[in-house]
Every structure is written in C-alpha cells, then in structure tokens.
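**Q** Hey, dropping coords_23.cif in here, mmCIF, C-alpha atoms:
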data_query
loop_
_atom_site.label_atom_id
_atom_site.label_comp_id
_atom_site.auth_asym_id
_atom_site.auth_seq_id
_atom_site.Cartn_x
_atom_site.Cartn_y
_atom_site.Cartn_z
CA MET P 229 100.80 93.63 114.50
CA ILE P 230 101.22 91.84 117.82
CA GLU P 231 98.08 91.89 119.94
CA PRO P 232 98.29 93.55 123.38
CA GLY P 233 99.35 90.97 125.91
CA GLU P 234 100.86 88.67 123.27
CA GLU P 235 104.55 87.94 123.28
CA ARG P 236 106.66 88.27 120.21
CA THR P 237 108.42 84.93 119.70
CA THR P 238 111.03 86.06 117.15
CA ALA P 239 113.66 87.13 119.68
CA ALA P 240 112.82 84.51 122.28
CA VAL P 241 112.60 81.37 120.14
CA ARG P 242 114.74 80.63 117.11
CA PRO P 243 112.87 79.73 113.89
CA TYR P 244 114.44 76.27 113.68
CA VAL P 245 113.05 75.51 117.13
CA ILE P 246 109.55 76.60 116.10
CA THR P 247 109.64 74.34 113.01
CA ARG P 248 111.48 71.56 114.86
CA GLY P 249 114.39 71.89 112.45
CA ARG P 250 112.31 71.50 109.31
CA ALA P 251 112.95 73.77 106.35
CA GLY P 252 110.11 72.35 104.29
CA SER P 253 106.90 70.36 104.56
CA SER P 254 105.31 67.26 103.12
CA ARG P 255 103.38 69.33 100.60
CA ASP P 256 104.38 71.76 97.87
CA ALA P 257 105.56 75.09 99.23
CA LEU P 258 102.75 77.56 99.76
CA SER P 259 103.29 80.72 97.75
CA LEU P 260 103.23 84.02 99.62
CA GLU P 261 100.00 84.92 97.79
CA THR P 262 98.14 81.76 98.83
CA LEU P 263 95.06 82.64 100.86
CA VAL P 264 94.41 80.75 104.08
CA ARG P 265 91.64 80.69 106.66
CA ALA P 266 90.79 78.68 109.76
CA SER P 267 88.59 75.66 109.12
CA GLY P 268 86.75 76.04 112.42
CA SER P 269 87.79 72.64 113.76
CA ALA P 270 88.68 72.41 117.44
CA LEU P 271 92.38 72.61 118.23
CA PRO P 272 93.95 69.91 120.38
CA PRO P 273 95.26 71.19 123.75
CA PRO P 274 98.96 70.30 123.35
CA LEU P 275 99.57 72.62 120.39
CA GLN P 276 102.48 75.04 120.41
CA PRO P 277 101.59 78.75 120.70
CA GLU P 278 102.61 79.67 117.14
CA TYR P 279 100.02 77.27 115.72
CA ARG P 280 97.33 78.76 117.96
CA ARG P 281 98.27 82.31 116.95
CA ILE P 282 98.02 81.38 113.28
CA VAL P 283 94.55 79.88 113.69
CA ARG P 284 93.38 82.92 115.70
CA ARG P 285 94.65 85.28 112.98
CA CYS P 286 93.10 83.30 110.14
CA GLN P 287 89.43 83.78 111.01
CA GLY P 288 89.11 85.57 107.67
CA LEU P 289 91.12 85.12 104.49
CA LEU P 290 94.77 86.15 104.82
CA SER P 291 97.72 85.60 102.54
CA VAL P 292 100.70 83.60 103.74
CA ALA P 293 102.73 86.84 103.67
CA GLU P 294 100.18 88.59 105.91
CA VAL P 295 100.22 85.74 108.42
CA ALA P 296 104.03 85.95 108.55
CA ALA P 297 103.85 89.70 109.14
CA HIS P 298 101.28 89.33 111.92
CA LEU P 299 103.38 86.67 113.64
CA GLY P 300 106.67 88.51 113.17
CA GLN P 301 108.20 85.32 111.76
CA PRO P 302 110.04 84.67 108.48
CA PRO P 303 107.69 83.53 105.70
CA ALA P 304 109.55 80.20 105.40
CA VAL P 305 108.76 79.39 109.04
CA VAL P 306 105.10 80.30 108.60
CA GLN P 307 104.88 78.20 105.43
CA VAL P 308 106.02 75.13 107.38
CA LEU P 309 103.57 75.80 110.22
CA LEU P 310 100.68 76.47 107.84
CA ALA P 311 101.42 73.24 105.96
CA ASP P 312 101.18 71.35 109.26
CA LEU P 313 97.87 73.02 110.08
CA ILE P 314 96.53 72.24 106.60
CA ASP P 315 97.59 68.59 106.95
CA TRP P 316 95.82 68.43 110.33
CA GLY P 317 92.62 70.03 108.95
CA HIS P 318 92.76 73.26 110.99
CA ILE P 319 93.53 75.58 108.06
CA VAL P 320 92.08 75.65 104.55
CA ALA P 321 94.21 77.07 101.72
CA ARG P 322 93.09 78.53 98.44
CA PRO P 323 95.72 78.93 95.73
CA PRO P 324 96.13 82.43 94.34
CA ILE P 325 93.93 83.34 91.41
CA ARG P 326 96.00 83.14 88.28
CA VAL P 327 96.47 86.14 86.06
CA ALA P 328 94.19 86.10 83.06
CA GLU P 329 95.84 84.60 80.03
CA ARG P 330 96.19 86.54 76.80
CA ALA P 331 93.25 84.71 75.17
CA ASP P 332 91.00 85.74 78.07
CA MET P 333 92.00 89.39 77.62
CA ASP P 334 91.23 89.21 73.89
CA LEU P 335 87.78 87.81 74.62
CA LEU P 336 87.10 90.57 77.15
CA ARG P 337 88.24 93.22 74.64
CA LYS P 338 85.85 91.81 72.01
CA VAL P 339 82.97 91.87 74.49
CA LEU P 340 83.79 95.45 75.45
CA ASP P 341 84.00 96.49 71.78
CA GLY P 342 80.64 94.83 71.15
CA LEU P 343 79.05 96.66 74.07
CA GLU P 344 80.48 100.01 72.95
CA SER P 345 79.10 99.51 69.43
CA LYS P 346 75.60 99.16 70.93
CA LEU P 347 75.81 102.61 72.56
#
Can the structure from this file be put into structure tokens for me?

**A**
Amino acid sequence: MIEPGEERTTAAVRPYVITRGRAGSSRDALSLETLVRASGSALPPPLQPEYRRIVRRCQGLLSVAEVAAHLGQPPAVVQVLLADLIDWGHIVARPPIRVAERADMDLLRKVLDGLESKL
C-alpha cells in the first residue's frame, strides 16, 4: 500500500510523535466507516508528511479504515490527523450511511409486493 519511493513512517516515527501526544481531537471520533475525500484546497508548506500523504490518498472517497491501511498507521492515529485536516478545511468527511430501519424495510417489501401483483 506504500507508493514506490515513499517511506513507511510506522517503524521510524512513533504514533504519539505523529499526533503530538494527542489521543483524541476537538471533534467527535470519526468512525472507521466514515468516508473522507480531499477538499482541493491548497496545503500550506510547513505541513508534516503524514498530513500530505493523507490528502494525496484522499483524491477519491476512502473510508477512515482504508486511509489507515494505506498509511500503515493505527486507525486512532489517522482519526486524529483526519480531524485536524477536516478542521483546517483540507478534508471533507461524510458520515456512513445508516442501515435502513425496520419501517423502511417494510415499506420496500410492500412496494415489491405491489409490483409483483402487477406482473
């Protein structure tokens, strides 16, 4: 999952150094299923490499779990970094789509039954 020429930071830099000792962020924790993508805004030059790698990876929609796998970092570390990027406007997050509730399934079943009766 590491691009050719990229360094893997897991062995070289400890996670608490990457997050500057933070175990959480100012926002609610991002679930592993949350979808994220780059906003397209220009990144400031003095940004640590992990942030840049995240933005490069997020050109399309990726889940938080996928970003963590691509970076080779624990999900908790990536959640902190993504929260920073969201706060700074460089990443846009979309919450996971909730599972249909029971009432929704009943409505779909009625529609399906109605369509089948027409055949």

**Q** Could you spell out the hits of the PyMOL selection byres ((chain P and resi 268-271) around 12) on the shown file, as a PyMOL selection string?

**A** chain P and resi 265-267+272-277+279-284+286-288+313-314+316-320

**Q** Go ahead and save the residues from that selection, with C-alpha atoms, as a PDB file, in the coordinates of the input.

**A**
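The resulting file, out.pdb, is reproduced below:
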ATOM      1  CA  ARG P 265      91.640  80.690 106.660  1.00  0.00           C
ATOM      2  CA  ALA P 266      90.790  78.680 109.760  1.00  0.00           C
ATOM      3  CA  SER P 267      88.590  75.660 109.120  1.00  0.00           C
ATOM      4  CA  PRO P 272      93.950  69.910 120.380  1.00  0.00           C
ATOM      5  CA  PRO P 273      95.260  71.190 123.750  1.00  0.00           C
ATOM      6  CA  PRO P 274      98.960  70.300 123.350  1.00  0.00           C
ATOM      7  CA  LEU P 275      99.570  72.620 120.390  1.00  0.00           C
ATOM      8  CA  GLN P 276     102.480  75.040 120.410  1.00  0.00           C
ATOM      9  CA  PRO P 277     101.590  78.750 120.700  1.00  0.00           C
ATOM     10  CA  TYR P 279     100.020  77.270 115.720  1.00  0.00           C
ATOM     11  CA  ARG P 280      97.330  78.760 117.960  1.00  0.00           C
ATOM     12  CA  ARG P 281      98.270  82.310 116.950  1.00  0.00           C
ATOM     13  CA  ILE P 282      98.020  81.380 113.280  1.00  0.00           C
ATOM     14  CA  VAL P 283      94.550  79.880 113.690  1.00  0.00           C
ATOM     15  CA  ARG P 284      93.380  82.920 115.700  1.00  0.00           C
ATOM     16  CA  CYS P 286      93.100  83.300 110.140  1.00  0.00           C
ATOM     17  CA  GLN P 287      89.430  83.780 111.010  1.00  0.00           C
ATOM     18  CA  GLY P 288      89.110  85.570 107.670  1.00  0.00           C
ATOM     19  CA  LEU P 313      97.870  73.020 110.080  1.00  0.00           C
ATOM     20  CA  ILE P 314      96.530  72.240 106.600  1.00  0.00           C
ATOM     21  CA  TRP P 316      95.820  68.430 110.330  1.00  0.00           C
ATOM     22  CA  GLY P 317      92.620  70.030 108.950  1.00  0.00           C
ATOM     23  CA  HIS P 318      92.760  73.260 110.990  1.00  0.00           C
ATOM     24  CA  ILE P 319      93.530  75.580 108.060  1.00  0.00           C
ATOM     25  CA  VAL P 320      92.080  75.650 104.550  1.00  0.00           C
TER      26      VAL P 320
END

**Q** Could you tell me, as a JSON list (two decimals) with C-alpha atoms, in the coordinates of the input, exactly which residues end up selected when the PyMOL selection byres ((chain P and resi 291) around 7) is applied to this structure?

**A**
[["chain", "number", "residue", "atom", "x", "y", "z"],
["P", 260, "LEU", "CA", 103.23, 84.02, 99.62],
["P", 261, "GLU", "CA", 100.00, 84.92, 97.79],
["P", 262, "THR", "CA", 98.14, 81.76, 98.83],
["P", 263, "LEU", "CA", 95.06, 82.64, 100.86],
["P", 264, "VAL", "CA", 94.41, 80.75, 104.08],
["P", 289, "LEU", "CA", 91.12, 85.12, 104.49],
["P", 290, "LEU", "CA", 94.77, 86.15, 104.82],
["P", 292, "VAL", "CA", 100.70, 83.60, 103.74],
["P", 293, "ALA", "CA", 102.73, 86.84, 103.67],
["P", 294, "GLU", "CA", 100.18, 88.59, 105.91],
["P", 295, "VAL", "CA", 100.22, 85.74, 108.42]]

**Q** What does the distance from atom CA of P:Arg326 to atom CA of P:His298 come to in Å, to one decimal?

**A** 25.0 Å

**Q** Just the number, please: distance in Å from atom CA of P:Val339 to atom CA of P:Pro324, one decimal.

**A**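 Distance between the two atoms: 25.6 Å.
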
**Q** Could you check how far atom CA of P:Leu335 sits from atom CA of P:Ser259, in Å to one decimal?

**A** 28.7 Å
